[in-house]
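Notes follow once the structure below has been shown.
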Amino acid sequence: MSLIVCSECSGNRSDTVPMCPHCGLGMNQVLVELRRSCAGGAVTDAPYQGETAMPGVEKRRHPRIEHRTFVRVDGQTAMLFNISRGGLKLSSPFQPRPGRVDVELEAGEYSFALQGSVRWVSNRRSFSNLVDFGVEILDPPDGYLDFVGQLTPER
């Protein structure tokens, strides 16, 4: 075992772990492998409470952009996985409360106090016992749409 430097955040991590404990780089592959093992080799989208995941159908009106950073949801730390003009996909060790939530997003020179509505919560926990959930942004603050527009969409 040796320490390597994360290409995303420059933090040190073991070369034997699949993801960076500081920024989460590599989390997507960890989740794909976890889903593959749970699905007997087939990778499928897990259905969320109250909705059915349909392959190839975008759940959001706007394209998702992969953007990993930590945010605060009602004062508790959560991991942001992707963002769009209208919503966020988050993972956290806590179950979000239903209804409206406050999300604090800081990204470099940008800082946003967002209000959103929890739209879905995963009915099973993912890697490291995290809860995945989606938040629809209600009334985006000034500069938020410009910030999202500057990010590069997933391919």
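Labeling convention for the structure tokens: chains A, B, ... as they appear, residues from 1 per chain, ligands from 1 in order of appearance.
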
Task: Selection: 8 Å around Ser92 of chain A, only C-alpha atoms, excl. self and same-chain fewer than 5 positions, as a count of residues only - done: 6

- [ ] Select, from A:Val17, A:Leu145, A:Cys6, A:Leu80, the residue with the minimum atom-to-atom distance to Tyr110 of chain A, counting only C-alpha atoms.
- [x]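 Using only C-alpha atoms, the shortest distance to Tyr110 of chain A belongs to A:Leu145.
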
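Going from atom CA of Val148 of chain A over to atom CA of Asn129 of chain A, you cover 28.8 Å.
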
Task: atom CA of Ile83 of chain A to atom CA of Trp120 of chain A, distance in Å rounded to a single decimal - done: 14.8 Å

Arg100 of chain A environment, 12 Å, only C-alpha atoms, sequence neighbours closer than 2 positions dropped, as an mmCIF file with N, CA and C atoms, in the first residue's frame:
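The new file selection-v4.cif reads:
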data_model
loop_
_atom_site.group_PDB
_atom_site.id
_atom_site.type_symbol
_atom_site.label_atom_id
_atom_site.label_comp_id
_atom_site.auth_asym_id
_atom_site.auth_seq_id
_atom_site.Cartn_x
_atom_site.Cartn_y
_atom_site.Cartn_z
ATOM 1 N N VAL A 73 -27.068 21.022 3.510
ATOM 2 C CA VAL A 73 -28.512 20.888 3.350
ATOM 3 C C VAL A 73 -29.113 21.011 4.738
ATOM 4 N N ASP A 74 -29.871 22.059 4.952
ATOM 5 C CA ASP A 74 -30.432 22.344 6.278
ATOM 6 C C ASP A 74 -29.346 22.271 7.353
ATOM 7 N N PRO A 96 -33.107 13.210 4.200
ATOM 8 C CA PRO A 96 -33.590 14.594 4.130
ATOM 9 C C PRO A 96 -35.037 14.676 4.589
ATOM 10 N N ARG A 97 -35.367 15.799 5.176
ATOM 11 C CA ARG A 97 -36.765 15.967 5.581
ATOM 12 C C ARG A 97 -37.592 16.239 4.330
ATOM 13 N N PRO A 98 -38.819 15.773 4.291
ATOM 14 C CA PRO A 98 -39.648 16.014 3.107
ATOM 15 C C PRO A 98 -40.002 17.490 2.974
ATOM 16 N N ASP A 102 -33.120 23.977 2.596
ATOM 17 C CA ASP A 102 -32.182 25.045 2.278
ATOM 18 C C ASP A 102 -30.848 24.403 1.922
ATOM 19 N N VAL A 103 -30.277 24.806 0.789
ATOM 20 C CA VAL A 103 -29.000 24.257 0.331
ATOM 21 C C VAL A 103 -28.009 25.406 0.181
ATOM 22 N N LEU A 114 -29.663 28.420 -1.745
ATOM 23 C CA LEU A 114 -30.746 27.916 -2.580
ATOM 24 C C LEU A 114 -31.874 27.378 -1.722
ATOM 25 N N GLN A 115 -33.081 27.549 -2.185
ATOM 26 C CA GLN A 115 -34.224 26.889 -1.573
ATOM 27 C C GLN A 115 -34.737 25.879 -2.578
ATOM 28 N N GLY A 116 -35.043 24.684 -2.072
ATOM 29 C CA GLY A 116 -35.489 23.646 -2.969
ATOM 30 C C GLY A 116 -36.534 22.764 -2.337
ATOM 31 N N SER A 117 -37.032 21.865 -3.150
ATOM 32 C CA SER A 117 -38.029 20.911 -2.710
ATOM 33 C C SER A 117 -37.487 19.510 -2.982
ATOM 34 N N VAL A 118 -37.512 18.643 -1.969
ATOM 35 C CA VAL A 118 -37.059 17.270 -2.155
ATOM 36 C C VAL A 118 -38.049 16.584 -3.090
ATOM 37 N N ARG A 119 -37.543 16.122 -4.255
ATOM 38 C CA ARG A 119 -38.407 15.515 -5.266
ATOM 39 C C ARG A 119 -38.397 13.995 -5.207
ATOM 40 N N GLY A 134 -32.909 13.836 -4.672
ATOM 41 C CA GLY A 134 -32.939 14.911 -5.644
ATOM 42 C C GLY A 134 -33.690 16.108 -5.096
ATOM 43 N N VAL A 135 -33.170 17.286 -5.405
ATOM 44 C CA VAL A 135 -33.789 18.532 -4.959
ATOM 45 C C VAL A 135 -34.074 19.403 -6.181
ATOM 46 N N GLU A 136 -35.315 19.835 -6.312
ATOM 47 C CA GLU A 136 -35.687 20.794 -7.348
ATOM 48 C C GLU A 136 -35.456 22.194 -6.796
ATOM 49 N N ILE A 137 -34.723 23.013 -7.552
ATOM 50 C CA ILE A 137 -34.429 24.381 -7.121
ATOM 51 C C ILE A 137 -35.669 25.246 -7.342
ATOM 52 N N LEU A 138 -36.078 25.925 -6.280
ATOM 53 C CA LEU A 138 -37.212 26.843 -6.354
ATOM 54 C C LEU A 138 -36.679 28.270 -6.446
#
